[in-house]
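Novice: One structure, pasted below without further comment.
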Protein chains: 2
Amino acid sequence: MQHDTFLAGRTHTMGSSAIREILKLAARPDIISLGGGMPSPDAFPTEFIDELYRQAMDHYGTEALQYTRTEGFPALRKALVDHLATQNIEVGADEVFVTTGSQSVLDAMGKILVSPGDRIAVEAPTYLGALQAFNPYEPSYVQIDTDEYGLIPESLERVIAEHNPKFAYLSPTFQNPTGRTLSLDRRKQVAEIIRRSDTLVIEDDPYGALRYRGEWAPPIQTFAPEQVVYTGSFSKVFAPGLRVGYYVAPERVRQWLVIAKQGVDLNTSSLTQALCTEFIAGGYHDRHLPKIIEIYRPKQEAMLKEMKRHFPESFTWTQPDGGMFIWAEGPADADMEKIYEEGIRNKVAFVPGKFFYSDPASGRATMRLNFTVNSRENIRTAIERLGASIRNVLGG
Amino acid sequence: MQHDTFLAGRTHTMGSSAIREILKLAARPDIISLGGGMPSPDAFPTEFIDELYRQAMDHYGTEALQYTRTEGFPALRKALVDHLATQNIEVGADEVFVTTGSQSVLDAMGKILVSPGDRIAVEAPTYLGALQAFNPYEPSYVQIDTDEYGLIPESLERVIAEHNPKFAYLSPTFQNPTGRTLSLDRRKQVAEIIRRSDTLVIEDDPYGALRYRGEWAPPIQTFAPEQVVYTGSFSKVFAPGLRVGYYVAPERVRQWLVIAKQGVDLNTSSLTQALCTEFIAGGYHDRHLPKIIEIYRPKQEAMLKEMKRHFPESFTWTQPDGGMFIWAEGPADADMEKIYEEGIRNKVAFVPGKFFYSDPASGRATMRLNFTVNSRENIRTAIERLGASIRNVLGG
């Protein structure tokens, strides 16, 4: 894409459309794509969405069609208090804020905090959409090392001491792209580090409710509320087409986040906020969540089983307790873009992992696989094709 | 509000909460506020919103709940082609883009075009929300002079020649705050000027459909499609709580506007886009619009009549053919903030006009009055109180 001179200086940071180009290939109808990041339409609450609509209109009437407060639809902010309490997050209704998907608070954080050249610390790998949200504010990134258990607290501590980042962006639960979850011990260590250094952290938690096994751990926010902006979303437990997310944040930033949001979209849709209010306040969320889990867990199990069968021994991969993704890593010399091309020839697609690193030299031998959108049968076929594609490229 | 040192440099531009503070006073239940900018709930299509919902779910099913394209919900983009053709705007479905309210394309234009210190040309006065959208990108503003017929083309020409702005932000039809509309002749002159100088223009048109009298004129976009980003909205003809706006733009900017939007909110709500699709494609818009006009026209007539009766002869005001606002100007030494305070004592509120100027020294003797939200009876009472408040402060 040509970068014309009439554009702002920051706009050159937004040109990286390599992943768009690569995923265009995956849209061919004969290809099974494990490259997506969407929930399955089967997980949408189609059996009671009409009921939610009816209740929202009955309860809120024209209030659900009018402008609402930039801070959020009042009834939703109230309902979120109990919802957040199930995560041990204790706040009042005036301390919860609604956003247009949790994506939009990432943009707002970049906008209010980052001057060009300021540092943002991110996990390696991290959520690509976060980089896309922050990039226009021209940060420089510092990577936090991770291992099979997620981010390494000592690395975070070193990054803070050496680089003094404006904030760290973390996704400690069923992270996109790896599916990894930080243990309770590491959460406490992270909290201790950021409290001691008074470092702001975005704790992005869109997948936390999608737990298929293992034990729940409280958000980092609960151990360091003055340092953490905690964001949640209705996209994975209700429907992404509503574009409703929410956050709690320390007072020193939330007043600015509201002003930033006002300039961007005035407020999030009142109607979709009213639907989300009924979804959690009416107990629908609690009844619906087990159904979503029963859709996704067998798909994930099928994918893990087939990977064991078809992937070469030189590969390792995560065994996440929840979420939407599995992360695989080949031998150091594996070039995942070559394997991607071979995969397309064999009618299977994925996302090469390098796109999830702020440092473009990282992650060459990694890949992200999604298991939520395809049927189990298609997952089996796709993994078989992918295994063959890997062998075709790497031999063995 | 304290501006802490950990914030980005740009954030100081976002602190101007004077208007928030002043309008807080207007929220008292005993005060009739003409300060709002909302449509009347009576103008919402409550009689057929359920039908629209039913049709949207029947036609689009889970597509209305899933992520959709950043560019917009495909069926809505298609439906907007005919809708825009009624405004003489001839585009294909892949040349129309949907945004989260038309507000969000203002943010995106600032983001992709404005480096700190770059100039933006704005009408004097202009839409306050546009300034709030642009401010974080640290522009310097240049004011374009206006008269009773809207912006003066010669002033635009001079501003372009002297200041070479990144773009000009114009609202040529029933402008917020003045209600003024640019004549066909001036539209053609503006088009000629921006074509000749190849200057980008945002033509913001949220009120164009609310015409109570007078003759329609085509958008400036139709005379200079390569220079104009034309934005429309469902907020005033359907419901602002949906947060759906749209734009057409020259190719050199629209590709960047889409990338900017992806970082901010991924896409606008599929569900509310599906409702808007049914609203225009099903003919509801064309049937509903006359009803909205029949609600607003008598309110505007009542306000104009009472102003004639109660405002001092030293005041002049606009007689708009449509929209939601009337703009009044007192004698040069009138201090509208003093009149505001006296108004609050007399239980009436409005917005002092100075907030609608990029130059804080301008507009001291002006005021904006909204006529859409209050009943005719309350409008009469409010204008009587306001007339008395003006006389109390200015004498006479």
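Naming scheme: A, B, ... for chains in displayed order of the structure tokens; residues 1 onward per chain; ligands 1 onward as shown.
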Please provide the set of residues having any atom within 6 Å of Leu170 in chain A, restricted to only C-alpha atoms, with same-chain residues fewer than 2 positions apart removed, written as a list in words.
Specialist: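 The neighbour list is Pro172, Ile202 and Glu203 of chain A.
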Novice: Keeping only N, CA and C atoms, write those residues as an mmCIF file, in the first residue's frame.
Specialist:
data_model
loop_
_atom_site.group_PDB
_atom_site.id
_atom_site.type_symbol
_atom_site.label_atom_id
_atom_site.label_comp_id
_atom_site.auth_asym_id
_atom_site.auth_seq_id
_atom_site.Cartn_x
_atom_site.Cartn_y
_atom_site.Cartn_z
ATOM 1 N N PRO A 172 -3.585 -12.780 30.729
ATOM 2 C CA PRO A 172 -3.109 -13.910 31.528
ATOM 3 C C PRO A 172 -3.991 -15.159 31.500
ATOM 4 N N ILE A 202 -2.617 -3.375 31.455
ATOM 5 C CA ILE A 202 -3.923 -3.764 30.917
ATOM 6 C C ILE A 202 -4.019 -5.276 31.053
ATOM 7 N N GLU A 203 -5.021 -5.747 31.795
ATOM 8 C CA GLU A 203 -5.276 -7.181 31.909
ATOM 9 C C GLU A 203 -6.476 -7.501 31.007
#
Novice: Using only C-alpha atoms, determine which residues lie at most 12 Å from Met303 in chain A, disregarding the query and same-chain residues fewer than 4 positions distant; provide the list as a PDB file with C-alpha atoms, in the first residue's frame.
Specialist:
ATOM      1  CA  LEU A  34      -7.960 -22.844  11.374  1.00  0.00           C
ATOM      2  CA  TYR A 296     -15.975 -26.051  22.436  1.00  0.00           C
ATOM      3  CA  ARG A 297     -14.416 -28.646  24.747  1.00  0.00           C
ATOM      4  CA  PRO A 298     -14.951 -31.642  22.408  1.00  0.00           C
ATOM      5  CA  LYS A 299     -13.615 -29.611  19.483  1.00  0.00           C
ATOM      6  CA  MET A 307      -2.251 -33.203  16.464  1.00  0.00           C
ATOM      7  CA  LYS A 308      -0.715 -36.005  18.505  1.00  0.00           C
ATOM      8  CA  ARG A 309      -1.467 -38.357  15.636  1.00  0.00           C
ATOM      9  CA  HIS A 310      -0.399 -36.238  12.667  1.00  0.00           C
ATOM     10  CA  PHE A 311       2.184 -33.680  13.812  1.00  0.00           C
ATOM     11  CA  TRP A 317       2.119 -27.378  21.338  1.00  0.00           C
ATOM     12  CA  THR A 318       0.096 -25.961  24.205  1.00  0.00           C
ATOM     13  CA  GLN A 319      -2.612 -27.930  26.038  1.00  0.00           C
ATOM     14  CA  PRO A 320      -4.824 -25.025  27.135  1.00  0.00           C
ATOM     15  CA  MET A 324     -10.185 -20.663  21.537  1.00  0.00           C
ATOM     16  CA  PHE A 325      -6.613 -21.378  20.414  1.00  0.00           C
ATOM     17  CA  ILE A 326      -3.763 -23.872  20.397  1.00  0.00           C
ATOM     18  CA  TRP A 327      -0.213 -22.693  19.755  1.00  0.00           C
ATOM     19  CA  ALA A 328       2.311 -24.970  18.074  1.00  0.00           C
ATOM     20  CA  LEU A 369      -4.699 -22.875  15.447  1.00  0.00           C
ATOM     21  CA  ASN A 370      -8.353 -22.050  16.198  1.00  0.00           C
ATOM     22  CA  PHE A 371     -10.750 -24.825  17.178  1.00  0.00           C
ATOM     23  CA  THR A 372     -14.065 -22.990  17.757  1.00  0.00           C
ATOM     24  CA  ASN A 374     -15.029 -25.708  12.496  1.00  0.00           C
ATOM     25  CA  SER A 375     -16.880 -28.967  13.095  1.00  0.00           C
ATOM     26  CA  ARG A 376     -14.988 -31.807  14.759  1.00  0.00           C
ATOM     27  CA  GLU A 377     -14.954 -33.643  11.466  1.00  0.00           C
ATOM     28  CA  ASN A 378     -13.421 -30.667   9.661  1.00  0.00           C
ATOM     29  CA  ILE A 379     -10.915 -30.226  12.464  1.00  0.00           C
ATOM     30  CA  ARG A 380      -9.790 -33.842  12.011  1.00  0.00           C
ATOM     31  CA  THR A 381      -9.451 -33.414   8.246  1.00  0.00           C
ATOM     32  CA  ALA A 382      -7.651 -30.094   8.653  1.00  0.00           C
ATOM     33  CA  ILE A 383      -5.093 -31.391  11.137  1.00  0.00           C
ATOM     34  CA  GLU A 384      -4.408 -34.419   8.937  1.00  0.00           C
ATOM     35  CA  LEU A 386      -1.676 -29.820   8.099  1.00  0.00           C
ATOM     36  CA  GLY A 387       0.459 -32.697   9.375  1.00  0.00           C
TER      37      GLY A 387
END
Novice: Can you check which residues of range 79-309 of chain B DSSP gives as strand (DSSP E or B) on the backbone and send them as a PyMOL selection string?
Specialist: chain B and resi 96-99+119-123+140-144+146-147+150-151+167-170+200-204+211+228-233+245-248
Novice: What lies within 9 Å of Pro240 in chain B using only C-alpha atoms, ignoring chain neighbours under 3 positions off, as a PDB file with all heavy atoms, in the first residue's frame?
Specialist:
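The resulting file, part_18.pdb, is shown below:
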ATOM      1  N   LEU A  65     -33.000   3.204  22.697  1.00  0.00           N
ATOM      2  CA  LEU A  65     -32.816   3.738  21.342  1.00  0.00           C
ATOM      3  C   LEU A  65     -32.163   5.116  21.359  1.00  0.00           C
ATOM      4  O   LEU A  65     -31.723   5.619  20.326  1.00  0.00           O
ATOM      5  CB  LEU A  65     -34.177   3.833  20.633  1.00  0.00           C
ATOM      6  CG  LEU A  65     -34.914   2.504  20.437  1.00  0.00           C
ATOM      7  CD1 LEU A  65     -36.319   2.745  19.895  1.00  0.00           C
ATOM      8  CD2 LEU A  65     -34.136   1.576  19.506  1.00  0.00           C
ATOM      9  N   GLN A  66     -32.095   5.729  22.535  1.00  0.00           N
ATOM     10  CA  GLN A  66     -31.579   7.095  22.671  1.00  0.00           C
ATOM     11  C   GLN A  66     -30.056   7.062  22.901  1.00  0.00           C
ATOM     12  O   GLN A  66     -29.491   6.014  23.219  1.00  0.00           O
ATOM     13  CB  GLN A  66     -32.295   7.756  23.863  1.00  0.00           C
ATOM     14  CG  GLN A  66     -32.010   9.226  24.102  1.00  0.00           C
ATOM     15  CD  GLN A  66     -32.362  10.143  22.948  1.00  0.00           C
ATOM     16  OE1 GLN A  66     -31.606  10.183  21.946  1.00  0.00           O
ATOM     17  NE2 GLN A  66     -33.459  10.881  23.065  1.00  0.00           N
ATOM     18  N   TYR A  67     -29.403   8.211  22.704  1.00  0.00           N
ATOM     19  CA  TYR A  67     -28.033   8.361  23.205  1.00  0.00           C
ATOM     20  C   TYR A  67     -28.015   7.953  24.673  1.00  0.00           C
ATOM     21  O   TYR A  67     -29.005   8.117  25.386  1.00  0.00           O
ATOM     22  CB  TYR A  67     -27.577   9.830  23.120  1.00  0.00           C
ATOM     23  CG  TYR A  67     -27.298  10.343  21.736  1.00  0.00           C
ATOM     24  CD1 TYR A  67     -28.134  11.283  21.151  1.00  0.00           C
ATOM     25  CD2 TYR A  67     -26.184   9.921  21.017  1.00  0.00           C
ATOM     26  CE1 TYR A  67     -27.882  11.784  19.870  1.00  0.00           C
ATOM     27  CE2 TYR A  67     -25.919  10.417  19.748  1.00  0.00           C
ATOM     28  CZ  TYR A  67     -26.767  11.346  19.187  1.00  0.00           C
ATOM     29  OH  TYR A  67     -26.510  11.837  17.930  1.00  0.00           O
ATOM     30  N   THR A  68     -26.890   7.412  25.123  1.00  0.00           N
ATOM     31  CA  THR A  68     -26.760   7.147  26.547  1.00  0.00           C
ATOM     32  C   THR A  68     -25.443   7.745  27.031  1.00  0.00           C
ATOM     33  O   THR A  68     -24.746   8.424  26.268  1.00  0.00           O
ATOM     34  CB  THR A  68     -26.860   5.642  26.861  1.00  0.00           C
ATOM     35  OG1 THR A  68     -26.923   5.460  28.284  1.00  0.00           O
ATOM     36  CG2 THR A  68     -25.673   4.861  26.300  1.00  0.00           C
ATOM     37  N   SER A 269     -23.559   1.452  21.669  1.00  0.00           N
ATOM     38  CA  SER A 269     -24.975   1.254  21.370  1.00  0.00           C
ATOM     39  C   SER A 269     -25.801   0.973  22.630  1.00  0.00           C
ATOM     40  O   SER A 269     -25.534   0.024  23.370  1.00  0.00           O
ATOM     41  CB  SER A 269     -25.152   0.091  20.389  1.00  0.00           C
ATOM     42  OG  SER A 269     -26.519  -0.312  20.337  1.00  0.00           O
ATOM     43  N   SER A 270     -26.827   1.786  22.849  1.00  0.00           N
ATOM     44  CA  SER A 270     -27.714   1.585  23.997  1.00  0.00           C
ATOM     45  C   SER A 270     -28.478   0.281  23.848  1.00  0.00           C
ATOM     46  O   SER A 270     -28.706  -0.439  24.823  1.00  0.00           O
ATOM     47  CB  SER A 270     -28.719   2.735  24.107  1.00  0.00           C
ATOM     48  OG  SER A 270     -28.109   3.959  23.866  1.00  0.00           O
TER      49      SER A 270
ATOM     50  N   MET B  38     -30.247  16.052  21.518  1.00  0.00           N
ATOM     51  CA  MET B  38     -30.799  14.729  21.230  1.00  0.00           C
ATOM     52  C   MET B  38     -32.082  14.831  20.416  1.00  0.00           C
ATOM     53  O   MET B  38     -32.818  15.808  20.519  1.00  0.00           O
ATOM     54  CB  MET B  38     -31.141  14.017  22.545  1.00  0.00           C
ATOM     55  CG  MET B  38     -29.941  13.716  23.400  1.00  0.00           C
ATOM     56  SD  MET B  38     -30.435  12.666  24.798  1.00  0.00           S
ATOM     57  CE  MET B  38     -28.889  12.589  25.702  1.00  0.00           C
ATOM     58  N   PRO B  39     -32.370  13.786  19.650  1.00  0.00           N
ATOM     59  CA  PRO B  39     -33.692  13.720  19.029  1.00  0.00           C
ATOM     60  C   PRO B  39     -34.751  13.453  20.104  1.00  0.00           C
ATOM     61  O   PRO B  39     -34.428  13.017  21.209  1.00  0.00           O
ATOM     62  CB  PRO B  39     -33.599  12.522  18.077  1.00  0.00           C
ATOM     63  CG  PRO B  39     -32.266  11.926  18.242  1.00  0.00           C
ATOM     64  CD  PRO B  39     -31.535  12.632  19.326  1.00  0.00           C
ATOM     65  N   GLY B 101     -21.521   5.282  14.556  1.00  0.00           N
ATOM     66  CA  GLY B 101     -21.942   6.673  14.537  1.00  0.00           C
ATOM     67  C   GLY B 101     -21.046   7.439  13.580  1.00  0.00           C
ATOM     68  O   GLY B 101     -19.908   7.023  13.324  1.00  0.00           O
ATOM     69  N   SER B 233     -25.751   9.543   8.832  1.00  0.00           N
ATOM     70  CA  SER B 233     -26.008   8.910  10.121  1.00  0.00           C
ATOM     71  C   SER B 233     -27.453   8.443  10.226  1.00  0.00           C
ATOM     72  O   SER B 233     -28.347   9.046   9.632  1.00  0.00           O
ATOM     73  CB  SER B 233     -25.720   9.921  11.228  1.00  0.00           C
ATOM     74  OG  SER B 233     -26.176   9.447  12.468  1.00  0.00           O
ATOM     75  N   PHE B 234     -27.675   7.373  10.975  1.00  0.00           N
ATOM     76  CA  PHE B 234     -29.037   6.940  11.285  1.00  0.00           C
ATOM     77  C   PHE B 234     -29.545   7.545  12.597  1.00  0.00           C
ATOM     78  O   PHE B 234     -30.661   7.263  13.008  1.00  0.00           O
ATOM     79  CB  PHE B 234     -29.090   5.406  11.362  1.00  0.00           C
ATOM     80  CG  PHE B 234     -29.008   4.742  10.014  1.00  0.00           C
ATOM     81  CD1 PHE B 234     -27.799   4.295   9.522  1.00  0.00           C
ATOM     82  CD2 PHE B 234     -30.151   4.602   9.239  1.00  0.00           C
ATOM     83  CE1 PHE B 234     -27.724   3.687   8.271  1.00  0.00           C
ATOM     84  CE2 PHE B 234     -30.087   4.004   7.984  1.00  0.00           C
ATOM     85  CZ  PHE B 234     -28.866   3.543   7.496  1.00  0.00           C
ATOM     86  N   SER B 235     -28.710   8.366  13.241  1.00  0.00           N
ATOM     87  CA  SER B 235     -29.056   8.824  14.584  1.00  0.00           C
ATOM     88  C   SER B 235     -30.278   9.742  14.607  1.00  0.00           C
ATOM     89  O   SER B 235     -31.053   9.709  15.556  1.00  0.00           O
ATOM     90  CB  SER B 235     -27.865   9.555  15.214  1.00  0.00           C
ATOM     91  OG  SER B 235     -26.814   8.651  15.456  1.00  0.00           O
ATOM     92  N   LYS B 236     -30.451  10.574  13.581  1.00  0.00           N
ATOM     93  CA  LYS B 236     -31.537  11.546  13.618  1.00  0.00           C
ATOM     94  C   LYS B 236     -32.786  11.067  12.874  1.00  0.00           C
ATOM     95  O   LYS B 236     -33.863  11.607  13.066  1.00  0.00           O
ATOM     96  CB  LYS B 236     -31.058  12.889  13.035  1.00  0.00           C
ATOM     97  CG  LYS B 236     -29.729  13.392  13.607  1.00  0.00           C
ATOM     98  CD  LYS B 236     -29.717  13.462  15.128  1.00  0.00           C
ATOM     99  CE  LYS B 236     -28.434  14.077  15.690  1.00  0.00           C
ATOM    100  NZ  LYS B 236     -27.197  13.309  15.481  1.00  0.00           N
ATOM    101  N   VAL B 237     -32.645  10.057  11.995  1.00  0.00           N
ATOM    102  CA  VAL B 237     -33.814   9.570  11.247  1.00  0.00           C
ATOM    103  C   VAL B 237     -34.317   8.221  11.763  1.00  0.00           C
ATOM    104  O   VAL B 237     -35.441   7.819  11.461  1.00  0.00           O
ATOM    105  CB  VAL B 237     -33.515   9.445   9.730  1.00  0.00           C
ATOM    106  CG1 VAL B 237     -33.254  10.828   9.146  1.00  0.00           C
ATOM    107  CG2 VAL B 237     -32.340   8.506   9.464  1.00  0.00           C
ATOM    108  N   ARG B 243     -26.013   3.624  17.087  1.00  0.00           N
ATOM    109  CA  ARG B 243     -24.627   4.002  16.749  1.00  0.00           C
ATOM    110  C   ARG B 243     -24.240   3.481  15.370  1.00  0.00           C
ATOM    111  O   ARG B 243     -23.274   2.704  15.227  1.00  0.00           O
ATOM    112  CB  ARG B 243     -23.620   3.511  17.802  1.00  0.00           C
ATOM    113  CG  ARG B 243     -23.930   3.830  19.249  1.00  0.00           C
ATOM    114  CD  ARG B 243     -24.239   5.269  19.579  1.00  0.00           C
ATOM    115  NE  ARG B 243     -23.181   6.197  19.216  1.00  0.00           N
ATOM    116  CZ  ARG B 243     -23.384   7.245  18.437  1.00  0.00           C
ATOM    117  NH1 ARG B 243     -24.572   7.510  17.907  1.00  0.00           N
ATOM    118  NH2 ARG B 243     -22.403   8.051  18.181  1.00  0.00           N
ATOM    119  N   VAL B 244     -24.977   3.884  14.366  1.00  0.00           N
ATOM    120  CA  VAL B 244     -24.625   3.525  12.994  1.00  0.00           C
ATOM    121  C   VAL B 244     -24.550   4.788  12.134  1.00  0.00           C
ATOM    122  O   VAL B 244     -25.523   5.540  12.030  1.00  0.00           O
ATOM    123  CB  VAL B 244     -25.630   2.526  12.370  1.00  0.00           C
ATOM    124  CG1 VAL B 244     -25.200   2.155  10.942  1.00  0.00           C
ATOM    125  CG2 VAL B 244     -25.732   1.263  13.220  1.00  0.00           C
TER     126      VAL B 244
END
Novice: Could you please write out, as number ranges by chain, every residue of range 153-321 of chain A that DSSP assigns to helix (DSSP H, G or I)?
Specialist: A: 153-163, 184-197, 220-223, 240-242, 251-265, 270-281, 284-310
Novice: I'd like to know which of A:Thr268, A:Asn346, A:Ser33, A:Ser362 is closest to Arg391 in chain A, using only C-alpha atoms.
Specialist: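 So, comparing all the options, the nearest one is A:Asn346.
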Novice: Could the residues of chain B that have an atom at most 7 Å from chain A be listed as a tab-separated table, each with its closest atom pair and the distance in Å to one decimal, counting only C-alpha atoms and ordered by chain and ascending residue number?
Specialist:
residue	atom	partner	partner_atom	distance
B:Phe6	CA	A:Leu113	CA	6.9
B:Leu7	CA	A:Leu113	CA	4.6
B:Ala8	CA	A:Leu113	CA	4.3
B:Gly9	CA	A:Ser115	CA	5.9
B:Thr11	CA	A:Ile112	CA	5.4
B:Met14	CA	A:Ile259	CA	6.9
B:Pro41	CA	A:Thr62	CA	6.0
B:Thr62	CA	A:Pro41	CA	6.0
B:Ala64	CA	A:Gly241	CA	6.3
B:Leu65	CA	A:Gly241	CA	4.2
B:Gln66	CA	A:Gly241	CA	4.5
B:Tyr67	CA	A:Gly241	CA	5.0
B:Thr100	CA	A:Asp265	CA	6.2
B:Gly101	CA	A:Asp265	CA	6.2
B:Gln103	CA	A:Asp265	CA	5.4
B:Ser104	CA	A:Val264	CA	4.9
B:Asp107	CA	A:Val264	CA	5.5
B:Ile112	CA	A:Thr11	CA	5.4
B:Leu113	CA	A:Ala8	CA	4.3
B:Val114	CA	A:Ala8	CA	4.9
B:Ser115	CA	A:Ala8	CA	4.9
B:Gly129	CA	A:Gly263	CA	6.6
B:Gln132	CA	A:Gly263	CA	5.1
B:Ala133	CA	A:Gly263	CA	4.2
B:Ala239	CA	A:Leu65	CA	5.4
B:Pro240	CA	A:Gln66	CA	5.4
B:Gly241	CA	A:Leu65	CA	4.2
B:Leu242	CA	A:Ser269	CA	5.0
B:Arg243	CA	A:Ser269	CA	5.4
B:Ile259	CA	A:Met14	CA	6.9
B:Gly263	CA	A:Ala133	CA	4.2
B:Val264	CA	A:Ser104	CA	4.9
B:Asp265	CA	A:Ser104	CA	5.1
B:Thr268	CA	A:Arg243	CA	7.0
B:Ser269	CA	A:Gly241	CA	5.0
B:Ser270	CA	A:Gly241	CA	4.7
B:Leu271	CA	A:Gly241	CA	6.0
Novice: Near Asp333 in chain A, counting only C-alpha atoms, which residues have an atom at most 12 Å away, once you skip same-chain residues fewer than 4 positions from it, shown as JSON, numbers by chain?
Specialist: {"A": [314, 315, 329, 337, 338, 339, 363, 364, 365, 366, 393, 394]}
Novice: Skipping near chain neighbours, those fewer than 2 positions away, what residues fall within 7 Å of Gly117 in chain A using only C-alpha atoms, listed as a list in words?
Specialist: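 The contact residues come out as Ser115, Arg119, Glu138, Pro139 and Ser140 of chain A.
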Novice: Quick one: residues within 12 Å of Arg196 in chain A, only C-alpha atoms, excluding same-chain residues fewer than 3 positions away - as a PDB file with N, CA and C atoms, in the first residue's frame?
Specialist:
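To be explicit, this is the file written out as result_31.pdb:
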ATOM      1  N   GLU A 157       9.739  -7.978  35.400  1.00  0.00           N
ATOM      2  CA  GLU A 157      10.448  -7.120  36.353  1.00  0.00           C
ATOM      3  C   GLU A 157      11.650  -6.440  35.687  1.00  0.00           C
ATOM      4  N   ILE A 160      10.528  -3.773  33.166  1.00  0.00           N
ATOM      5  CA  ILE A 160      10.101  -2.540  33.843  1.00  0.00           C
ATOM      6  C   ILE A 160      11.315  -1.749  34.317  1.00  0.00           C
ATOM      7  N   ALA A 161      12.259  -2.436  34.933  1.00  0.00           N
ATOM      8  CA  ALA A 161      13.440  -1.749  35.469  1.00  0.00           C
ATOM      9  C   ALA A 161      14.266  -1.110  34.359  1.00  0.00           C
ATOM     10  N   GLN A 189       2.867 -12.802  41.891  1.00  0.00           N
ATOM     11  CA  GLN A 189       4.195 -12.212  41.657  1.00  0.00           C
ATOM     12  C   GLN A 189       4.103 -10.979  40.752  1.00  0.00           C
ATOM     13  N   VAL A 190       3.296 -11.108  39.676  1.00  0.00           N
ATOM     14  CA  VAL A 190       3.106  -9.968  38.767  1.00  0.00           C
ATOM     15  C   VAL A 190       2.517  -8.788  39.532  1.00  0.00           C
ATOM     16  N   ALA A 191       1.500  -9.068  40.354  1.00  0.00           N
ATOM     17  CA  ALA A 191       0.856  -7.996  41.127  1.00  0.00           C
ATOM     18  C   ALA A 191       1.873  -7.301  42.028  1.00  0.00           C
ATOM     19  N   GLU A 192       2.704  -8.097  42.677  1.00  0.00           N
ATOM     20  CA  GLU A 192       3.719  -7.552  43.579  1.00  0.00           C
ATOM     21  C   GLU A 192       4.705  -6.649  42.805  1.00  0.00           C
ATOM     22  N   ILE A 193       5.120  -7.116  41.638  1.00  0.00           N
ATOM     23  CA  ILE A 193       6.067  -6.348  40.815  1.00  0.00           C
ATOM     24  C   ILE A 193       5.464  -5.017  40.361  1.00  0.00           C
ATOM     25  N   THR A 199       3.527   0.270  38.138  1.00  0.00           N
ATOM     26  CA  THR A 199       3.410   0.168  36.681  1.00  0.00           C
ATOM     27  C   THR A 199       1.970  -0.145  36.284  1.00  0.00           C
ATOM     28  N   LEU A 200       1.435   0.613  35.350  1.00  0.00           N
ATOM     29  CA  LEU A 200       0.084   0.321  34.853  1.00  0.00           C
ATOM     30  C   LEU A 200       0.095  -0.931  33.983  1.00  0.00           C
ATOM     31  N   ALA A 224      -3.944  -6.044  42.594  1.00  0.00           N
ATOM     32  CA  ALA A 224      -3.291  -4.742  42.369  1.00  0.00           C
ATOM     33  C   ALA A 224      -4.270  -3.776  41.693  1.00  0.00           C
ATOM     34  N   GLU A 226      -4.979  -0.734  41.957  1.00  0.00           N
ATOM     35  CA  GLU A 226      -4.532   0.624  41.623  1.00  0.00           C
ATOM     36  C   GLU A 226      -3.593   0.651  40.430  1.00  0.00           C
ATOM     37  N   GLN A 227      -3.193  -0.541  39.964  1.00  0.00           N
ATOM     38  CA  GLN A 227      -2.266  -0.596  38.829  1.00  0.00           C
ATOM     39  C   GLN A 227      -2.885  -1.223  37.583  1.00  0.00           C
TER      40      GLN A 227
END
Novice: Quick check, in Å to one decimal: how far apart do CA of Ala361 in chain A and CA of Gln175 in chain A lie?
Specialist: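 CA of Gln175 in chain A lies 20.9 Å from CA of Ala361 in chain A.
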Novice: What's the 10 Å shell around range 76-86 of chain A, counting only C-alpha atoms, without same-chain residues fewer than 5 positions away, as a list in words?
Specialist: Glu71, Val91, Gly92, Ala93, Asp94, Glu95, Val96, Phe97, Val98, Pro218, Gly232, Tyr246, Tyr247, Val248, Ser270, Gln273, Ala274, Leu275, Cys276, Thr277, Glu278, Phe279, Ile280, Ala281, Gly282, His285 and Asp286 of chain A
Novice: Could you save the residues just selected, with C-alpha atoms, as a compact mmCIF listing (two decimals), in the first residue's frame?
Specialist:
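The resulting file, result-v8.txt, is shown below:
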# COMPACT_ATOMS: atom_id res chain seq x y z
CA GLU A 71 -19.57 5.87 30.69
CA VAL A 91 -16.43 -2.31 42.43
CA GLY A 92 -19.44 0.00 42.47
CA ALA A 93 -21.57 0.73 39.40
CA ASP A 94 -19.81 4.09 38.93
CA GLU A 95 -16.46 2.28 38.70
CA VAL A 96 -17.44 0.07 35.72
CA PHE A 97 -17.26 1.49 32.19
CA VAL A 98 -18.67 0.16 28.94
CA PRO A 218 -8.58 -14.59 40.21
CA GLY A 232 -13.91 -8.01 29.80
CA TYR A 246 -16.32 -3.26 29.74
CA TYR A 247 -13.48 -2.30 32.03
CA VAL A 248 -12.56 -1.28 35.53
CA SER A 270 -27.71 1.58 24.00
CA GLN A 273 -26.04 -2.66 26.03
CA ALA A 274 -29.68 -3.23 27.02
CA LEU A 275 -29.47 -6.77 25.60
CA CYS A 276 -26.30 -7.44 27.60
CA THR A 277 -27.99 -6.12 30.74
CA GLU A 278 -30.81 -8.66 30.40
CA PHE A 279 -28.27 -11.37 29.52
CA ILE A 280 -26.44 -11.09 32.82
CA ALA A 281 -29.13 -9.67 35.15
CA GLY A 282 -31.72 -12.24 34.00
CA HIS A 285 -25.34 -15.89 31.09
CA ASP A 286 -25.07 -18.44 33.89
Novice: In Å, how far is it from CA of Ile292 in chain B to CA of Tyr340 in chain B?
Specialist: 29.9 Å
